[in-house]
Structure formats: C-alpha cells, structure tokens
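This is structure_20.csv (CSV, C-alpha atoms).
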chain,number,residue,atom,x,y,z
A,10,MET,CA,194.8,177.3,-47.6
A,11,PRO,CA,193.8,173.6,-47.5
A,12,ARG,CA,195.6,171.0,-49.6
A,13,PHE,CA,193.9,170.3,-53.0
A,14,ALA,CA,193.5,166.9,-54.7
A,15,ALA,CA,192.3,166.5,-58.3
A,16,ASN,CA,189.5,164.1,-58.8
A,17,ILE,CA,190.9,162.4,-61.9
A,18,SER,CA,187.6,160.5,-62.6
A,19,MET,CA,186.2,163.9,-63.5
A,20,LEU,CA,189.2,166.1,-64.3
A,21,PHE,CA,191.6,165.7,-67.2
A,22,THR,CA,189.3,163.4,-69.1
A,23,GLU,CA,190.9,164.7,-72.3
A,24,HIS,CA,193.5,162.0,-71.4
A,25,PRO,CA,193.2,158.3,-70.7
A,26,LEU,CA,192.9,157.6,-67.0
A,27,ILE,CA,196.5,156.3,-66.7
A,28,GLU,CA,197.8,159.6,-68.1
A,29,ARG,CA,195.7,161.8,-65.7
A,30,PHE,CA,198.2,161.3,-62.8
A,31,ALA,CA,200.8,163.2,-64.8
A,32,ALA,CA,198.3,165.8,-65.9
A,33,ALA,CA,197.3,166.4,-62.3
A,34,LYS,CA,200.9,166.8,-61.1
A,35,ALA,CA,201.7,169.2,-64.0
A,36,ALA,CA,198.6,171.3,-63.1
A,37,GLY,CA,199.8,171.8,-59.5
A,38,PHE,CA,198.0,169.2,-57.5
A,39,SER,CA,199.8,167.2,-54.9
A,40,ALA,CA,197.2,164.4,-54.6
A,41,VAL,CA,194.4,162.7,-56.5
A,42,GLU,CA,191.1,161.0,-55.8
A,43,ILE,CA,189.7,158.3,-57.9
A,44,LEU,CA,186.0,157.3,-57.8
A,45,ASP,CA,186.4,153.9,-59.5
A,46,PRO,CA,190.0,152.8,-59.1
A,47,TYR,CA,189.0,149.2,-59.9
A,48,VAL,CA,189.2,149.8,-63.6
A,49,LEU,CA,193.0,149.7,-63.3
A,50,PRO,CA,195.2,147.2,-61.4
A,51,ALA,CA,196.2,148.5,-58.0
A,52,GLU,CA,199.8,147.9,-58.9
A,53,GLN,CA,199.6,150.2,-61.9
A,54,ILE,CA,197.9,153.0,-59.9
A,55,GLY,CA,200.7,152.6,-57.2
A,56,GLU,CA,203.3,153.0,-59.9
A,57,GLU,CA,201.8,156.2,-61.2
A,58,LEU,CA,201.4,157.7,-57.7
A,59,ALA,CA,205.0,157.0,-57.0
A,60,ARG,CA,206.3,158.2,-60.4
A,61,HIS,CA,204.6,161.5,-60.0
A,62,ASP,CA,205.0,161.9,-56.2
A,63,LEU,CA,201.3,162.1,-55.6
A,64,GLY,CA,199.2,161.2,-52.6
A,65,LEU,CA,196.0,159.3,-52.9
A,66,ALA,CA,193.4,161.3,-51.0
A,67,LEU,CA,190.3,159.1,-51.6
A,68,ILE,CA,188.8,156.1,-53.3
A,69,ASN,CA,185.2,155.0,-53.4
A,70,THR,CA,183.9,151.5,-52.6
A,71,PRO,CA,182.7,149.8,-55.7
A,72,ALA,CA,179.4,151.2,-56.9
A,73,GLY,CA,178.2,148.0,-58.6
A,74,ASP,CA,176.6,148.3,-62.1
A,75,TRP,CA,176.7,152.0,-62.6
A,76,ALA,CA,175.0,151.8,-66.0
A,77,ALA,CA,172.1,150.0,-64.4
A,78,GLY,CA,171.8,152.7,-61.7
A,79,GLU,CA,173.6,151.1,-58.8
A,80,ARG,CA,175.4,153.4,-56.5
A,81,GLY,CA,176.8,151.2,-53.8
A,82,MET,CA,175.3,148.6,-51.4
A,83,ALA,CA,176.1,149.6,-47.9
A,84,ALA,CA,172.6,150.6,-46.9
A,85,LEU,CA,170.7,147.9,-48.8
A,86,ALA,CA,169.6,144.9,-46.6
A,87,GLY,CA,169.1,142.7,-49.6
A,88,GLN,CA,172.6,143.1,-50.8
A,89,CYS,CA,174.8,142.0,-47.9
A,90,ALA,CA,176.7,139.4,-49.8
A,91,ARG,CA,177.5,141.8,-52.6
A,92,PHE,CA,178.5,144.5,-50.1
A,93,GLU,CA,180.9,142.2,-48.4
A,94,ALA,CA,182.5,141.3,-51.7
A,95,GLN,CA,182.8,145.0,-52.6
A,96,MET,CA,184.4,145.8,-49.3
A,97,ALA,CA,186.9,143.0,-49.7
A,98,GLN,CA,187.9,144.5,-53.1
A,99,ALA,CA,188.1,148.0,-51.7
A,100,LEU,CA,190.2,146.9,-48.7
A,101,ASP,CA,192.6,145.0,-51.0
A,102,TYR,CA,193.1,148.2,-53.0
A,103,ALA,CA,193.5,150.3,-49.8
A,104,ALA,CA,196.1,147.9,-48.4
A,105,MET,CA,198.2,148.4,-51.5
A,106,LEU,CA,197.5,152.1,-52.1
A,107,THR,CA,197.0,153.6,-48.6
A,108,PRO,CA,194.3,156.1,-49.5
A,109,GLY,CA,193.6,158.8,-46.9
A,110,ILE,CA,189.8,158.0,-47.1
A,111,VAL,CA,187.7,155.1,-48.4
A,112,HIS,CA,184.2,156.5,-49.2
A,113,VAL,CA,181.5,153.9,-48.4
A,114,MET,CA,178.7,154.3,-50.9
A,115,ALA,CA,175.3,153.9,-49.3
A,116,GLY,CA,173.3,153.1,-52.4
A,117,ILE,CA,170.0,153.9,-54.0
A,118,ASP,CA,167.1,153.0,-51.7
A,119,ASP,CA,165.3,150.1,-53.4
A,120,GLY,CA,162.8,149.6,-50.6
A,121,SER,CA,165.2,147.6,-48.5
A,122,GLY,CA,167.5,150.5,-47.7
A,123,HIS,CA,167.4,151.9,-44.3
A,124,GLU,CA,169.7,153.5,-41.8
A,125,ALA,CA,169.9,150.4,-39.5
A,126,THR,CA,171.5,148.4,-42.3
A,127,PHE,CA,173.9,151.2,-43.1
A,128,ILE,CA,174.9,151.5,-39.4
A,129,ASP,CA,175.4,147.8,-39.0
A,130,ASN,CA,177.6,147.6,-42.1
A,131,LEU,CA,179.6,150.6,-41.0
A,132,HIS,CA,180.2,149.0,-37.6
A,133,GLN,CA,181.4,145.9,-39.3
A,134,ILE,CA,183.9,147.5,-41.7
A,135,THR,CA,185.3,150.1,-39.3
A,136,GLY,CA,185.9,147.4,-36.8
A,137,ALA,CA,187.4,145.0,-39.4
A,138,ALA,CA,189.9,147.6,-40.7
A,139,PRO,CA,190.7,150.0,-37.8
A,140,GLN,CA,193.8,151.2,-39.5
A,141,GLN,CA,191.8,152.6,-42.5
A,142,ARG,CA,189.8,155.8,-42.3
A,143,PHE,CA,186.3,155.7,-44.0
A,144,SER,CA,183.8,158.3,-44.9
A,145,ILE,CA,180.1,158.7,-45.7
A,146,GLU,CA,178.8,161.4,-48.0
A,147,PRO,CA,175.3,163.0,-48.2
A,148,ILE,CA,174.5,163.4,-51.9
A,149,ASN,CA,171.7,165.5,-53.3
A,150,ARG,CA,168.8,163.7,-54.8
A,151,ARG,CA,168.5,166.1,-57.8
A,152,ASP,CA,171.8,164.6,-59.1
A,153,MET,CA,171.4,161.2,-57.7
A,154,PRO,CA,167.6,160.4,-57.3
A,155,GLY,CA,166.9,158.0,-54.5
A,156,TYR,CA,170.3,158.0,-52.9
A,157,MET,CA,169.8,156.7,-49.3
A,158,LEU,CA,172.1,159.2,-47.6
A,159,HIS,CA,170.8,162.6,-48.7
A,160,HIS,CA,171.2,165.2,-45.9
A,161,PRO,CA,174.1,166.3,-43.8
A,162,ASP,CA,172.1,166.1,-40.6
A,163,GLN,CA,171.2,162.5,-41.5
A,164,ALA,CA,174.9,161.7,-42.0
A,165,LEU,CA,175.8,163.3,-38.6
A,166,SER,CA,173.2,161.1,-36.9
A,167,ILE,CA,174.7,158.0,-38.5
A,168,LEU,CA,178.2,159.0,-37.6
A,169,GLN,CA,177.1,159.4,-34.0
A,170,ALA,CA,175.3,156.1,-34.0
A,171,VAL,CA,178.3,154.2,-35.3
A,172,GLY,CA,180.7,156.1,-33.0
A,173,ALA,CA,183.9,154.7,-34.7
A,174,PRO,CA,187.0,156.9,-34.6
A,175,ASN,CA,187.9,155.9,-38.1
A,176,LEU,CA,184.6,157.0,-39.7
A,177,ALA,CA,184.3,160.6,-40.8
A,178,LEU,CA,182.0,162.9,-42.7
A,179,GLN,CA,182.7,163.6,-46.4
A,180,LEU,CA,181.2,167.0,-47.0
A,181,ASP,CA,180.9,168.0,-50.7
A,182,LEU,CA,180.0,171.7,-50.6
A,183,TYR,CA,178.3,171.3,-54.0
A,184,HIS,CA,175.9,168.8,-52.6
A,185,ALA,CA,175.5,170.5,-49.3
A,186,GLN,CA,174.6,173.8,-50.9
A,187,ILE,CA,171.9,172.2,-53.0
A,188,ILE,CA,170.5,170.2,-50.1
A,189,ALA,CA,170.4,172.7,-47.4
A,190,GLY,CA,172.7,175.8,-47.9
A,191,ASP,CA,173.9,177.8,-44.9
A,192,LEU,CA,177.3,176.4,-45.6
A,193,SER,CA,179.4,178.5,-43.2
A,194,ARG,CA,177.3,177.5,-40.1
A,195,ARG,CA,177.1,173.9,-41.3
A,196,ILE,CA,180.9,173.7,-41.7
A,197,GLU,CA,181.4,175.2,-38.3
A,198,ALA,CA,179.0,172.7,-36.7
A,199,MET,CA,180.4,169.7,-38.5
A,200,ALA,CA,184.1,170.6,-38.3
A,201,PRO,CA,184.8,167.9,-35.6
A,202,TYR,CA,183.5,165.2,-37.9
A,203,LEU,CA,185.1,166.3,-41.2
A,204,GLY,CA,187.4,163.8,-42.8
A,205,HIS,CA,187.2,165.0,-46.5
A,206,VAL,CA,185.8,168.0,-48.3
A,207,GLN,CA,185.0,168.4,-52.0
A,208,ILE,CA,184.2,171.4,-54.1
A,209,ALA,CA,182.4,172.3,-57.3
A,210,GLY,CA,180.5,175.3,-58.6
A,211,VAL,CA,176.8,175.5,-58.0
A,212,PRO,CA,174.5,175.0,-59.8
A,213,HIS,CA,176.3,173.6,-62.9
A,214,ARG,CA,179.0,171.6,-61.2
A,215,HIS,CA,181.7,173.3,-63.2
A,216,GLU,CA,184.8,175.1,-61.8
A,217,PRO,CA,184.4,175.8,-58.1
A,218,ASP,CA,184.9,179.6,-58.5
A,219,GLN,CA,181.9,179.8,-60.8
A,220,GLY,CA,178.4,180.2,-59.4
A,221,GLU,CA,176.9,180.5,-55.9
A,222,LEU,CA,179.8,179.6,-53.6
A,223,ASN,CA,182.3,182.1,-52.3
A,224,LEU,CA,185.2,179.6,-52.6
A,225,SER,CA,187.9,181.9,-51.1
A,226,TYR,CA,185.8,182.6,-48.0
A,227,LEU,CA,184.9,178.9,-47.4
A,228,MET,CA,188.4,177.7,-47.8
A,229,GLY,CA,189.6,180.4,-45.4
A,230,LEU,CA,186.9,179.2,-43.0
A,231,LEU,CA,188.2,175.6,-43.2
A,232,ASP,CA,191.7,176.9,-42.4
A,233,GLU,CA,190.5,178.8,-39.4
A,234,LEU,CA,188.7,175.8,-38.1
A,235,GLY,CA,191.8,173.7,-38.3
A,236,TYR,CA,190.8,171.4,-41.0
A,237,ASP,CA,193.9,169.5,-42.2
A,238,GLY,CA,192.4,167.0,-44.6
A,239,TRP,CA,192.3,167.2,-48.4
A,240,VAL,CA,189.9,169.3,-50.5
A,241,GLY,CA,188.9,167.3,-53.6
A,242,ALA,CA,188.3,169.2,-56.8
A,243,GLU,CA,185.3,167.0,-58.0
A,244,TYR,CA,183.7,168.9,-60.9
A,245,HIS,CA,183.0,168.7,-64.6
A,246,PRO,CA,185.3,171.3,-66.3
A,247,ALA,CA,183.4,173.7,-68.5
A,248,GLY,CA,186.1,173.3,-71.1
A,249,ARG,CA,189.6,171.9,-71.2
A,250,SER,CA,190.6,170.9,-67.7
A,251,GLU,CA,193.9,172.8,-67.6
A,252,ASP,CA,192.2,176.0,-68.8
A,253,GLY,CA,189.9,176.2,-65.8
A,254,LEU,CA,192.4,176.1,-63.0
A,255,ALA,CA,192.7,179.8,-62.3
A,256,TRP,CA,190.9,179.1,-59.0
A,257,LEU,CA,193.6,176.7,-57.9
A,258,ARG,CA,196.4,179.1,-58.7
A,259,ALA,CA,194.6,182.0,-56.9
A,260,LEU,CA,194.0,180.0,-53.7
A,261,GLN,CA,197.6,178.6,-53.6
A,262,THR,CA,199.0,182.1,-53.5
A,263,GLN,CA,196.2,183.8,-51.5
A,264,GLN,CA,196.8,185.2,-48.0
A,265,GLU,CA,193.7,186.7,-46.6
A,266,PRO,CA,192.4,187.4,-43.0
A,267,SER,CA,190.4,184.4,-41.9
A,268,PRO,CA,186.6,184.6,-42.1
A,269,LEU,CA,186.2,184.2,-38.3
A,270,ALA,CA,188.7,187.0,-37.7
A,271,ARG,CA,186.8,189.3,-40.1
A,272,ARG,CA,183.5,188.4,-38.4
A,273,SER,CA,184.8,189.3,-34.9
A,274,SER,CA,186.4,192.6,-36.0
Will you turn the file into structure tokens for me?
Amino acid sequence: MPRFAANISMLFTEHPLIERFAAAKAAGFSAVEILDPYVLPAEQIGEELARHDLGLALINTPAGDWAAGERGMAALAGQCARFEAQMAQALDYAAMLTPGIVHVMAGIDDGSGHEATFIDNLHQITGAAPQQRFSIEPINRRDMPGYMLHHPDQALSILQAVGAPNLALQLDLYHAQIIAGDLSRRIEAMAPYLGHVQIAGVPHRHEPDQGELNLSYLMGLLDELGYDGWVGAEYHPAGRSEDGLAWLRALQTQQEPSPLARRSS
C-alpha cells in the first residue's frame, strides 16, 4: 500500500496546530502535510518534525487573504508582485523544511486569470528552484467556486506546456470524482505525471472509506502502477479524528491481489 500522510490542517483539529504533529505520529502516520505552514515559524515546524520523526509531504504556497476569498495568485495576471512575494516565502520555508511537494495555488479567476499567466509563472518558479518539486491541483468548483484550475485534463495540458521535470500533478481523488469520475482509467492515464495523491470520502469529504470511492481498490491500483509518492489524508473527520482511522489501520495491514491482476485474470 502507498505511504500515508496526515493533513494536519484538517485532521486532529481537536488539538492546537503545534500539537497535531504528535497526534499524527501516535495515530500511525509517518508524514504530514500542512496547507498553511506560515502560521508557525519554520523553525518550530522543523523541531516538531524532527521530534516525532515525521516527513513533510506537502505544503501549499500562501493563499492570500482566505477570509476574503483568495486562493492563491499564480494564474492571476494582475497579481504578479504578490505572487512573487508569496513564492519567496514558500521557498524560504521549503529551504528549511524540505517538503516533498510545494503545491502552487492557481487562484480564483477574477477576470485576469488565464492559463498563459499560470504557465509563465510555473516556468519561472520551476526554473528558479530546480531542486524543489512542485505540483498543481485541479479543484472542483462546487467546493471552490471560480477556481482557475478545475479539471484534470486542463492540469495535464498545463503540465505538458510547462514541461518542467520538477512539476507534477497533485490528484485529489475527492475532487477528481466530483469533477469527472472514471477514476481508475484517469489514474492509469495520468500515472506518469503523478507527484502527490490525496483522499477523502465523496460526497461529504469525511473519512475516505465512507461514500462513493472504493478506497482499497484505488490504493491497490496506485501500487500496481508503481506510484511511490505520498497519499495525503485530506478530509474533515465526521467525529473525533482518532476515532475515524479504521481505514488507515485496514490499509496498513491489507495484502490483496492488485486491481490490474484481477482485471486480467
């Protein structure tokens, strides 16, 4: 089975953020992802990662003013100066914390947003920090109305246009199911571009074993396709975080024939 990272921006919110590293480790995770690490000093995050022997799978670039509806700047032509400042902050944190992935948030299309701006900015940042791996993520517009990058096929086109070896697809199976479905075929087609995967139940974004997705099958498919990145648990627990982790324990002990092997038998 893939390696699982706890998204501590959404899990273990019963605890202050600084205490969620310990909670994630105690729950059986070996890494974490943090959507907004900038609320803590990078040094403090680094200390917690080291103290609990945790990897850092992913951070986001700064979103801007979340309360005002901002969700990043990378695709907004009128926000180039702010985007550059946000990237500088993200790269400062990445230099200290060495995350596996820095997710570049495209932003809400305010009328100035278009793919050309996004592609230009992605060219710039991937070239400026070739040692750092970046990702882009298609997000469904039901949860995030107006988000510029809103379909996996659109993300694939942008990845191919940029053509940078350190830029990958971040495929959240929750968003992908809502946007277009057909997850098995989509994962197979996009496997060469995958840099990070995330999971949550559909349609309520609770535990990933609740709802429409066959979690065991999809994780087995990732295994069969040779995916060696992290799978981020990015969901809103239906109750207390620790009480909803039966899915993690089941997958960590599961040994099943692969989906591709079953299909060909």
Pull the closest atom pair for each residue of region 137-208 of chain A that gets at most 12 Å from region 241-262 of chain A, along with the distance in Å to one decimal, counting only C-alpha atoms, ordering rows by chain and then ascending residue number, as JSON lines.
{"residue": "A:Gln179", "atom": "CA", "partner": "A:Gly241", "partner_atom": "CA", "distance": 10.2}
{"residue": "A:Leu180", "atom": "CA", "partner": "A:Gly241", "partner_atom": "CA", "distance": 10.1}
{"residue": "A:Asp181", "atom": "CA", "partner": "A:Gly241", "partner_atom": "CA", "distance": 8.5}
{"residue": "A:Leu182", "atom": "CA", "partner": "A:Glu243", "partner_atom": "CA", "distance": 10.2}
{"residue": "A:Tyr183", "atom": "CA", "partner": "A:Tyr244", "partner_atom": "CA", "distance": 9.1}
{"residue": "A:His184", "atom": "CA", "partner": "A:Glu243", "partner_atom": "CA", "distance": 11.0}
{"residue": "A:Gly204", "atom": "CA", "partner": "A:Gly241", "partner_atom": "CA", "distance": 11.5}
{"residue": "A:His205", "atom": "CA", "partner": "A:Gly241", "partner_atom": "CA", "distance": 7.7}
{"residue": "A:Val206", "atom": "CA", "partner": "A:Gly241", "partner_atom": "CA", "distance": 6.2}
{"residue": "A:Gln207", "atom": "CA", "partner": "A:Gly241", "partner_atom": "CA", "distance": 4.4}
{"residue": "A:Ile208", "atom": "CA", "partner": "A:Ala242", "partner_atom": "CA", "distance": 5.4}
Legend entry - Length of the CA of Arg195 (chain A) to CA of Asn149 (chain A) vector [Å]: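 Between CA of Arg195 (chain A) and CA of Asn149 (chain A) the gap is 15.6 Å.
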Inset, instruction - Compile the contact shell of region 106-109 of chain A as an NGL selection string: residues with an atom at most 7 Å away, counting all atoms listed in the file, same-chain residues fewer than 4 positions apart removed. - result: :A and (55 or 65-68 or 102 or 142)
Take the residues from that selection and put them in a file with C-alpha atoms, as a compact mmCIF listing (two decimals), keeping the file's coordinate frame.
# COMPACT_ATOMS: atom_id res chain seq x y z
CA GLY A 55 200.70 152.60 -57.20
CA LEU A 65 196.00 159.30 -52.90
CA ALA A 66 193.40 161.30 -51.00
CA LEU A 67 190.30 159.10 -51.60
CA ILE A 68 188.80 156.10 -53.30
CA TYR A 102 193.10 148.20 -53.00
CA ARG A 142 189.80 155.80 -42.30
Legend entry - Protein/DNA/RNA residues near (184.6, 178.0, -45.0), cut 12 Å, only C-alpha atoms, as a PyMOL selection string: chain A and resi 10-11+180+182+191-200+206-208+222-236+240+267-269
Inset, instruction - Name the residues in contact with region 75-83 of chain A at a cut-off of 10 Å, using all atoms listed in the file, excluding same-chain residues fewer than 5 positions from it; report them as a count of residues only. - result: 31
Legend entry - For CA of Pro174 (chain A) and CA of Glu42 (chain A), the interatomic separation in Å (one decimal):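 CA of Pro174 (chain A) sits 22.0 Å away from CA of Glu42 (chain A).
Among A:Ala99, A:Ala84, A:Ala94, A:Ala104, the residue with the shortest atom-to-atom distance to Ile167 (chain A), counting all atoms listed in the file, is A:Ala84.
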Inset, instruction - For CA of Val41 (chain A) and CA of Asp152 (chain A), quote the distance in Å rounded to one decimal. - result: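 Separating CA of Val41 (chain A) from CA of Asp152 (chain A) is a distance of 22.8 Å.
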Select from region 10-42 of chain A every residue with an atom at most 12 Å from any atom of region 209-213 of chain A, then for each give the shortest pair of atoms and their distance in Å to one decimal, using only C-alpha atoms, rows by chain and rising number, as a Markdown table.
| residue | atom | partner | partner_atom | distance |
| --- | --- | --- | --- | --- |
| A:Ala15 | CA | A:Ala209 | CA | 11.5 |
| A:Asn16 | CA | A:Ala209 | CA | 10.9 |
| A:Met19 | CA | A:Ala209 | CA | 11.1 |
| A:Leu20 | CA | A:Ala209 | CA | 11.6 |
Same residues, C-alpha atoms, output as a PDB file, in the coordinates of the input:
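The resulting file, result_24.pdb, is reproduced below:
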ATOM      1  CA  ALA A  15     192.300 166.500 -58.300  1.00  0.00           C
ATOM      2  CA  ASN A  16     189.500 164.100 -58.800  1.00  0.00           C
ATOM      3  CA  MET A  19     186.200 163.900 -63.500  1.00  0.00           C
ATOM      4  CA  LEU A  20     189.200 166.100 -64.300  1.00  0.00           C
TER       5      LEU A  20
END
